[in-house]
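*Asks:* Below is the file work14.tsv, which contains TSV, C-alpha atoms.
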chain	number	residue	atom	x	y	z
A	263	MET	CA	-15.50	4.03	7.54
A	264	SER	CA	-14.29	7.30	6.07
A	265	ALA	CA	-15.95	8.82	3.01
A	266	VAL	CA	-12.86	8.07	0.89
A	267	ALA	CA	-12.80	4.43	1.94
A	268	HIS	CA	-16.56	4.15	1.39
A	269	ASP	CA	-16.27	5.59	-2.12
A	270	LEU	CA	-13.36	3.29	-2.93
A	271	ALA	CA	-15.29	0.23	-1.70
A	272	HIS	CA	-18.41	1.20	-3.65
A	273	ASP	CA	-16.58	2.10	-6.87
A	274	GLY	CA	-14.19	-0.83	-6.56
A	275	THR	CA	-17.13	-3.24	-6.29
A	276	ALA	CA	-18.63	-1.77	-9.45
A	277	MET	CA	-15.33	-2.14	-11.31
A	278	LEU	CA	-14.99	-5.69	-9.97
A	279	GLY	CA	-18.37	-6.51	-11.48
A	280	ARG	CA	-17.24	-5.05	-14.80
A	281	GLN	CA	-14.09	-7.15	-14.82
A	282	LEU	CA	-15.96	-10.35	-13.97
A	283	GLN	CA	-18.46	-9.65	-16.74
A	284	ARG	CA	-15.55	-9.08	-19.09
A	285	LEU	CA	-14.06	-12.46	-18.17
A	286	ARG	CA	-17.44	-14.11	-18.57
A	287	SER	CA	-17.65	-12.82	-22.13
A	288	ASN	CA	-14.14	-14.16	-22.84
A	289	PRO	CA	-14.36	-17.85	-21.89
A	290	GLY	CA	-11.17	-18.65	-23.79
A	291	LEU	CA	-9.11	-16.82	-21.17
A	292	LEU	CA	-10.86	-18.70	-18.37
A	293	ILE	CA	-10.28	-22.05	-20.07
A	294	LEU	CA	-6.61	-21.24	-20.61
A	295	THR	CA	-6.06	-20.21	-17.00
A	296	GLN	CA	-7.75	-23.41	-15.82
A	297	THR	CA	-6.04	-25.91	-18.13
A	298	MET	CA	-2.50	-24.56	-18.60
A	299	PRO	CA	-1.26	-25.29	-15.03
A	300	VAL	CA	-2.74	-28.81	-15.20
A	301	THR	CA	-1.04	-29.43	-18.56
A	302	MET	CA	2.27	-28.20	-17.17
A	303	LEU	CA	1.93	-30.43	-14.11
A	304	LEU	CA	1.39	-33.52	-16.25
A	305	PHE	CA	4.18	-32.62	-18.66
A	306	PHE	CA	6.81	-31.55	-16.13
A	307	GLY	CA	5.81	-34.21	-13.61
A	308	TYR	CA	6.12	-37.15	-15.97
A	309	VAL	CA	8.80	-35.91	-18.38
A	310	PHE	CA	11.19	-33.98	-16.13
A	311	GLY	CA	10.58	-36.29	-13.20
A	312	SER	CA	12.16	-39.17	-15.07
A	313	ALA	CA	15.33	-37.13	-15.69
A	314	LEU	CA	15.93	-36.06	-12.07
A	315	ALA	CA	17.25	-37.92	-9.06
A	316	MET	CA	13.83	-37.72	-7.39
A	317	PRO	CA	11.44	-40.61	-8.09
A	318	GLY	CA	8.43	-39.60	-10.18
A	319	GLU	CA	5.85	-39.29	-7.40
A	320	GLU	CA	8.30	-37.52	-5.10
A	321	TYR	CA	9.14	-35.02	-7.84
A	322	ARG	CA	5.46	-34.37	-8.55
A	323	ALA	CA	4.93	-33.63	-4.85
A	324	PHE	CA	7.90	-31.26	-5.06
A	325	LEU	CA	6.57	-29.72	-8.28
A	326	VAL	CA	2.98	-28.91	-7.29
A	327	PRO	CA	3.84	-25.97	-4.98
A	328	GLY	CA	6.30	-24.65	-7.57
A	329	LEU	CA	3.69	-24.69	-10.32
A	330	LEU	CA	1.17	-23.02	-8.02
A	331	VAL	CA	3.60	-20.15	-7.46
A	332	ALA	CA	4.61	-19.98	-11.14
A	333	THR	CA	0.92	-19.67	-11.99
A	334	ALA	CA	0.51	-16.96	-9.36
A	335	ALA	CA	3.45	-15.09	-10.89
A	336	ASN	CA	1.51	-15.03	-14.18
A	337	GLY	CA	-0.59	-12.30	-12.59
A	338	LEU	CA	2.12	-10.04	-13.99
A	339	MET	CA	1.30	-11.17	-17.53
A	340	THR	CA	-2.50	-11.15	-17.27
A	341	GLY	CA	-2.56	-7.84	-15.41
A	342	MET	CA	-0.30	-6.24	-17.99
A	343	PHE	CA	-2.28	-7.49	-20.98
A	344	GLN	CA	-5.71	-6.52	-19.65
A	345	ALA	CA	-4.59	-3.04	-18.57
A	346	ALA	CA	-2.83	-2.44	-21.89
A	347	GLN	CA	-5.84	-3.72	-23.82
A	348	ASP	CA	-8.21	-1.35	-22.03
A	349	THR	CA	-5.83	1.55	-22.55
A	350	HIS	CA	-5.15	0.77	-26.20
A	351	ARG	CA	-8.87	0.54	-27.00
A	352	GLY	CA	-9.76	3.75	-25.20
A	353	VAL	CA	-11.72	2.05	-22.41
A	354	THR	CA	-9.45	3.46	-19.73
A	355	ASP	CA	-9.91	7.01	-21.01
A	356	ARG	CA	-13.69	6.60	-20.86
A	357	LEU	CA	-13.54	5.16	-17.35
A	358	ARG	CA	-11.33	8.04	-16.28
A	359	THR	CA	-14.10	10.51	-17.16
A	360	LEU	CA	-16.50	8.84	-14.73
A	361	PRO	CA	-16.90	10.20	-11.18
A	362	VAL	CA	-15.23	7.19	-9.53
A	363	SER	CA	-12.24	6.78	-7.28
A	364	ARG	CA	-8.98	6.72	-9.21
A	365	ALA	CA	-7.92	3.57	-7.38
A	366	ALA	CA	-11.19	1.74	-8.10
A	367	VAL	CA	-10.43	0.65	-11.67
A	368	PRO	CA	-7.03	-1.02	-11.08
A	369	LEU	CA	-8.31	-2.39	-7.76
A	370	GLY	CA	-11.32	-3.97	-9.48
A	371	GLN	CA	-9.04	-5.61	-12.02
A	372	ALA	CA	-6.70	-6.97	-9.34
A	373	VAL	CA	-9.51	-8.38	-7.17
A	374	ALA	CA	-11.28	-9.96	-10.18
A	375	ASP	CA	-8.02	-11.65	-11.15
A	376	LEU	CA	-7.64	-12.89	-7.59
A	377	LEU	CA	-11.09	-14.50	-7.62
A	378	VAL	CA	-10.42	-16.23	-10.93
A	379	THR	CA	-7.08	-17.49	-9.59
A	380	ALA	CA	-8.71	-18.89	-6.46
A	381	ALA	CA	-11.28	-20.74	-8.58
A	382	GLY	CA	-8.56	-22.08	-10.86
A	383	MET	CA	-6.63	-23.56	-7.93
A	384	VAL	CA	-9.38	-26.12	-7.24
A	385	PRO	CA	-9.04	-28.32	-10.38
A	386	PHE	CA	-5.26	-27.98	-10.27
A	387	LEU	CA	-5.08	-29.25	-6.68
A	388	LEU	CA	-7.44	-32.12	-7.51
A	389	VAL	CA	-5.15	-33.20	-10.35
A	390	GLY	CA	-2.19	-32.79	-8.01
A	391	LEU	CA	-3.82	-35.18	-5.54
A	392	ALA	CA	-4.48	-37.61	-8.38
A	393	VAL	CA	-0.79	-37.74	-9.38
A	394	GLY	CA	0.51	-38.26	-5.86
A	395	TRP	CA	0.81	-34.86	-4.19
A	396	ARG	CA	-0.46	-34.62	-0.61
A	397	MET	CA	-0.86	-31.94	2.04
A	398	GLU	CA	1.45	-33.50	4.61
A	399	GLY	CA	1.31	-30.59	7.06
A	400	SER	CA	-1.43	-29.23	9.29
A	401	ALA	CA	-4.71	-27.74	8.10
A	402	LEU	CA	-3.60	-24.38	9.49
A	403	GLY	CA	-0.38	-24.59	7.53
A	404	ALA	CA	-2.26	-25.45	4.34
A	405	ALA	CA	-4.62	-22.50	4.86
A	406	GLY	CA	-1.61	-20.25	5.37
A	407	ALA	CA	-0.06	-21.56	2.15
A	408	VAL	CA	-3.20	-20.76	0.15
A	409	GLY	CA	-3.43	-17.31	1.69
A	410	LEU	CA	0.23	-16.59	0.94
A	411	LEU	CA	-0.19	-17.78	-2.63
A	412	LEU	CA	-3.17	-15.49	-3.23
A	413	LEU	CA	-1.33	-12.56	-1.66
A	414	PHE	CA	1.57	-13.13	-4.06
A	415	ARG	CA	-0.81	-13.27	-7.02
A	416	PHE	CA	-2.40	-10.01	-5.87
A	417	ALA	CA	1.03	-8.36	-5.69
A	418	THR	CA	2.15	-9.56	-9.13
A	419	THR	CA	-1.12	-8.42	-10.69
A	420	TRP	CA	-0.43	-4.86	-9.53
A	421	ILE	CA	2.98	-5.02	-11.21
A	422	GLY	CA	1.24	-6.09	-14.41
A	423	VAL	CA	-1.40	-3.37	-14.17
A	424	PHE	CA	1.27	-0.69	-13.86
A	425	LEU	CA	3.30	-2.06	-16.77
A	426	GLY	CA	0.17	-2.39	-18.90
A	427	LEU	CA	-0.79	1.21	-18.25
A	428	LEU	CA	2.78	2.20	-19.04
A	429	THR	CA	3.04	0.34	-22.37
A	430	ARG	CA	-0.49	1.37	-23.52
A	431	ASN	CA	-0.32	-1.21	-26.33
A	432	GLU	CA	-1.79	-4.70	-26.10
A	433	GLU	CA	0.57	-6.16	-28.71
A	434	ALA	CA	3.64	-4.86	-26.88
A	435	ALA	CA	2.20	-6.01	-23.56
A	436	GLY	CA	1.58	-9.47	-24.98
A	437	GLN	CA	5.17	-9.74	-26.18
A	438	LEU	CA	6.61	-8.42	-22.93
A	439	GLY	CA	4.27	-10.61	-20.88
A	440	GLY	CA	5.32	-13.69	-22.82
A	441	ALA	CA	8.91	-13.05	-21.76
A	442	THR	CA	7.92	-13.45	-18.10
A	443	PHE	CA	7.94	-17.25	-18.53
A	444	ILE	CA	11.66	-17.11	-17.73
A	445	LEU	CA	11.05	-15.92	-14.15
A	446	PRO	CA	10.02	-19.35	-12.75
A	447	LEU	CA	12.97	-20.92	-14.59
A	448	LEU	CA	15.30	-18.68	-12.56
A	449	SER	CA	13.91	-20.01	-9.28
A	450	ASN	CA	13.42	-23.25	-7.36
A	451	ALA	CA	9.90	-23.78	-8.76
A	452	TYR	CA	10.94	-26.71	-10.96
A	453	ILE	CA	14.31	-27.86	-9.64
A	454	PRO	CA	16.24	-27.49	-6.36
A	455	THR	CA	18.79	-24.68	-6.37
A	456	GLU	CA	21.46	-26.53	-4.39
A	457	GLY	CA	23.18	-27.83	-7.52
A	458	LEU	CA	23.29	-24.50	-9.36
A	459	PRO	CA	26.54	-22.50	-9.80
A	460	GLY	CA	27.13	-20.03	-6.97
A	461	TRP	CA	26.11	-16.83	-8.76
A	462	LEU	CA	23.09	-18.44	-10.41
A	463	ARG	CA	21.95	-19.94	-7.12
A	464	THR	CA	22.11	-16.49	-5.53
A	465	VAL	CA	20.01	-15.00	-8.33
A	466	ALA	CA	17.49	-17.84	-8.09
A	467	GLU	CA	17.15	-17.64	-4.32
A	468	TRP	CA	16.61	-13.87	-4.34
A	469	ASN	CA	13.84	-14.36	-6.87
A	470	PRO	CA	10.52	-13.82	-4.98
A	471	ILE	CA	9.15	-16.96	-6.63
A	472	SER	CA	11.75	-19.05	-4.76
A	473	ALA	CA	10.77	-17.66	-1.36
A	474	VAL	CA	7.05	-18.24	-1.93
A	475	THR	CA	7.65	-21.72	-3.38
A	476	THR	CA	9.77	-22.73	-0.40
A	477	ALA	CA	7.14	-21.34	1.97
A	478	LEU	CA	4.41	-23.40	0.28
A	479	ARG	CA	6.50	-26.58	0.38
A	480	ASP	CA	7.18	-25.99	4.06
A	481	LEU	CA	3.56	-25.13	4.97
A	482	PHE	CA	2.14	-28.03	2.95
A	483	GLY	CA	4.76	-30.34	4.48
A	484	ASN	CA	6.16	-31.37	1.10
A	485	ALA	CA	9.84	-30.48	1.53
A	486	PRO	CA	12.04	-29.01	4.29
A	487	VAL	CA	13.59	-25.57	4.08
A	488	PRO	CA	17.02	-25.98	2.40
A	489	GLU	CA	20.11	-25.26	4.43
A	490	GLY	CA	22.62	-22.61	3.47
A	491	ALA	CA	20.18	-20.72	1.28
A	492	ALA	CA	19.83	-16.96	0.92
A	493	TRP	CA	17.75	-15.22	3.61
A	494	PRO	CA	14.38	-15.15	1.76
A	495	VAL	CA	14.57	-18.91	1.16
A	496	ALA	CA	16.07	-19.74	4.55
A	497	HIS	CA	13.15	-17.86	6.19
A	498	PRO	CA	10.52	-18.48	3.52
A	499	VAL	CA	7.33	-17.26	5.20
A	500	ALA	CA	8.93	-14.04	6.44
A	501	GLY	CA	10.74	-13.63	3.13
A	502	SER	CA	7.54	-14.12	1.14
A	503	LEU	CA	5.60	-11.63	3.24
A	504	ALA	CA	8.44	-9.13	2.93
A	505	TRP	CA	8.53	-9.50	-0.86
A	506	CYS	CA	4.75	-9.09	-1.13
A	507	ALA	CA	4.80	-6.03	1.12
A	508	VAL	CA	7.56	-4.41	-0.93
A	509	LEU	CA	5.88	-5.16	-4.26
A	510	LEU	CA	2.52	-3.82	-3.09
A	511	ALA	CA	4.07	-0.73	-1.47
A	512	VAL	CA	5.87	0.11	-4.72
A	513	PHE	CA	3.42	-0.86	-7.46
A	514	VAL	CA	0.00	-0.01	-6.00
A	515	PRO	CA	0.80	3.73	-5.80
A	516	LEU	CA	2.58	3.62	-9.16
A	517	ALA	CA	-0.40	1.94	-10.88
A	518	VAL	CA	-2.96	4.29	-9.32
A	519	ARG	CA	-0.88	7.35	-10.18
A	520	ARG	CA	-0.33	6.14	-13.73
A	521	TYR	CA	-4.06	5.46	-14.20
A	522	ALA	CA	-4.96	8.91	-12.83
A	523	ARG	CA	-2.45	10.72	-15.07
A	524	GLY	CA	-3.40	9.02	-18.32
A	525	GLU	CA	-1.06	10.03	-21.17
A	526	ASP	CA	0.49	12.97	-19.28
Produce structure tokens that represent the structure in this file.
*Replies:*
Amino acid sequence: MSAVAHDLAHDGTAMLGRQLQRLRSNPGLLILTQTMPVTMLLFFGYVFGSALAMPGEEYRAFLVPGLLVATAANGLMTGMFQAAQDTHRGVTDRLRTLPVSRAAVPLGQAVADLLVTAAGMVPFLLVGLAVGWRMEGSALGAAGAVGLLLLFRFATTWIGVFLGLLTRNEEAAGQLGGATFILPLLSNAYIPTEGLPGWLRTVAEWNPISAVTTALRDLFGNAPVPEGAAWPVAHPVAGSLAWCAVLLAVFVPLAVRRYARGED
């Protein structure tokens, strides 16, 4: 391991510990991240399910992967708010004066968020099993679905970190982050896209959330890949990996550079 990689690993672990301690001292955030997806599953599954052509249990099986991905996409909101909060309160400026790798602070935040997300998946999946969802595919496929989901969360968190460092204001970040709720609505997370108007279906299927949702449904064995869809949805695993690679390649350097520059 090179000296740079060693320093990044050491400093990143220290920043990870700081972020986990921060979350421990803010149990409200942990409770919200644990209960909100479950609440949405019960609400959407039993209210929307009765209004769609799918029977209730079939719709809930269709919905679980979509809600998992919608929750993963919330990494954009949580990453933005935490980064903006640290910047607004001067914590980032103090951390920047320490002799640590410039990538360590945003990396620690992203990895801490990933660990919390992984823990939050457990009660959600248990509730999903209770309302009729099942992993119909292979164990390998299910493991691949979980890995893909966590990769997508990691990518969206980096987007949020960059935007939070850019806004530098926790109130503005909270307002902007709240607007991200529309992203899953413009996807196939809650409803199939086949019945949408042509232009809206194109927008929805080029939404990264749609590719990852379709990949999870396919890997879990919950729904087949739709025919005639845009390329990322027609090839969901490859499309999801491509989206994650693009997002990480763009926003990791942007976030690290923004953190290193400060207000310049």
*Asks:* Any idea what's packed within 12 Å of Val384 of chain A, counting all atoms listed in the file, ignoring anything in its chain fewer than 2 positions away? Could you give it as a VMD selection string?
*Replies:* chain A and resid 295 to 297 299 to 300 330 377 to 382 386 to 391 408
*Asks:* Taking 2 positions as the minimum chain separation for residues in the same chain, which residues sit within 12 Å of Ala477 of chain A when counting only C-alpha atoms? Answer as number ranges by chain.
*Replies:* A: 327-328, 330-331, 403-404, 406-411, 414, 450-451, 470-475, 479-488, 494-503
*Asks:* Residues as selected, C-alpha atoms, written as a CSV table (one decimal), in the frame of the given file, can you do that?
*Replies:*
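This is the output file again_33.csv:
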chain,number,residue,atom,x,y,z
A,327,PRO,CA,3.8,-26.0,-5.0
A,328,GLY,CA,6.3,-24.6,-7.6
A,330,LEU,CA,1.2,-23.0,-8.0
A,331,VAL,CA,3.6,-20.2,-7.5
A,403,GLY,CA,-0.4,-24.6,7.5
A,404,ALA,CA,-2.3,-25.4,4.3
A,406,GLY,CA,-1.6,-20.2,5.4
A,407,ALA,CA,-0.1,-21.6,2.2
A,408,VAL,CA,-3.2,-20.8,0.2
A,409,GLY,CA,-3.4,-17.3,1.7
A,410,LEU,CA,0.2,-16.6,0.9
A,411,LEU,CA,-0.2,-17.8,-2.6
A,414,PHE,CA,1.6,-13.1,-4.1
A,450,ASN,CA,13.4,-23.2,-7.4
A,451,ALA,CA,9.9,-23.8,-8.8
A,470,PRO,CA,10.5,-13.8,-5.0
A,471,ILE,CA,9.2,-17.0,-6.6
A,472,SER,CA,11.8,-19.0,-4.8
A,473,ALA,CA,10.8,-17.7,-1.4
A,474,VAL,CA,7.0,-18.2,-1.9
A,475,THR,CA,7.6,-21.7,-3.4
A,479,ARG,CA,6.5,-26.6,0.4
A,480,ASP,CA,7.2,-26.0,4.1
A,481,LEU,CA,3.6,-25.1,5.0
A,482,PHE,CA,2.1,-28.0,3.0
A,483,GLY,CA,4.8,-30.3,4.5
A,484,ASN,CA,6.2,-31.4,1.1
A,485,ALA,CA,9.8,-30.5,1.5
A,486,PRO,CA,12.0,-29.0,4.3
A,487,VAL,CA,13.6,-25.6,4.1
A,488,PRO,CA,17.0,-26.0,2.4
A,494,PRO,CA,14.4,-15.2,1.8
A,495,VAL,CA,14.6,-18.9,1.2
A,496,ALA,CA,16.1,-19.7,4.6
A,497,HIS,CA,13.2,-17.9,6.2
A,498,PRO,CA,10.5,-18.5,3.5
A,499,VAL,CA,7.3,-17.3,5.2
A,500,ALA,CA,8.9,-14.0,6.4
A,501,GLY,CA,10.7,-13.6,3.1
A,502,SER,CA,7.5,-14.1,1.1
A,503,LEU,CA,5.6,-11.6,3.2
*Asks:* Select, from A:Ala522, A:Val393, A:Val423, A:Leu458, the residue with the minimum atom-to-atom distance to Phe305 of chain A, counting all atoms listed in the file.
*Replies:*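 Distance minimum relative to Phe305 of chain A lands on A:Val393.
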*Asks:* Closest to Leu369 of chain A among A:Leu427, A:Ala511, A:Leu278, A:Leu338, using all atoms listed in the file?
*Replies:*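 Looking only at the distances to Leu369 of chain A, the closest residue turns out to be A:Leu278.
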*Asks:* Between A:Val367, A:Leu413, A:Leu478, A:Val512, which one has atoms that come closest to Asp348 of chain A, using all atoms listed in the file?
*Replies:*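 The answer is A:Val367, which sits nearest to Asp348 of chain A.
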*Asks:* Under the rule that all atoms listed in the file are counted, which of A:Val508, A:Ala276, A:Ala466, A:Ala334 is the nearest residue to Ser363 of chain A?
*Replies:*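 Residue with the minimum atom-to-atom distance to Ser363 of chain A: A:Ala276.
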*Asks:* Mind pulling up the distance from atom CA of Val309 of chain A to atom CA of Ile453 of chain A?
*Replies:*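 So the two atoms, atom CA of Ile453 of chain A and atom CA of Val309 of chain A, lie 13.1 Å apart.
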*Asks:* Please report the interatomic distance between atom CA of Arg430 of chain A and atom CA of Gly352 of chain A in Å with one decimal.
*Replies:*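 Atom CA of Gly352 of chain A lies at a distance of 9.7 Å from atom CA of Arg430 of chain A.
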*Asks:* I'd like to know which of A:Thr340, A:Glu489, A:Met277, A:Arg396 is closest to Leu360 of chain A, using only C-alpha atoms.
*Replies:*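 Ranked by minimum distance to Leu360 of chain A, first place goes to A:Met277.
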*Asks:* Go through A:Arg519, A:Thr476, A:Gly422, A:Arg322 one by one, measure the shortest atom-to-atom distance of each to Phe306 of chain A using only C-alpha atoms, and give the residue with the smallest value.
*Replies:*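 So, comparing all the options, the nearest one is A:Arg322.
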*Asks:* Just give me the gap between atom CA of Thr464 of chain A and atom CA of Ala492 of chain A in Å, one decimal is fine.
*Replies:* 6.9 Å
*Asks:* So that I can check the surroundings of Gly370 of chain A, please list as a list in words every protein, DNA and RNA residue that reaches within 12 Å of it, counting all atoms listed in the file and ignoring chain neighbours fewer than 6 positions away.
*Replies:*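 Here the qualifying residues turn out to be Leu270, Ala271, His272, Asp273, Gly274, Thr275, Ala276, Met277, Leu278, Gly279, Arg280, Gln281, Leu282, Gln283, Arg284, Gly341, Gln344, Ala345, Val362, Ser363, Arg364, Leu376, Leu377, Phe416, Thr419, Trp420, Val423 and Val518 of chain A.
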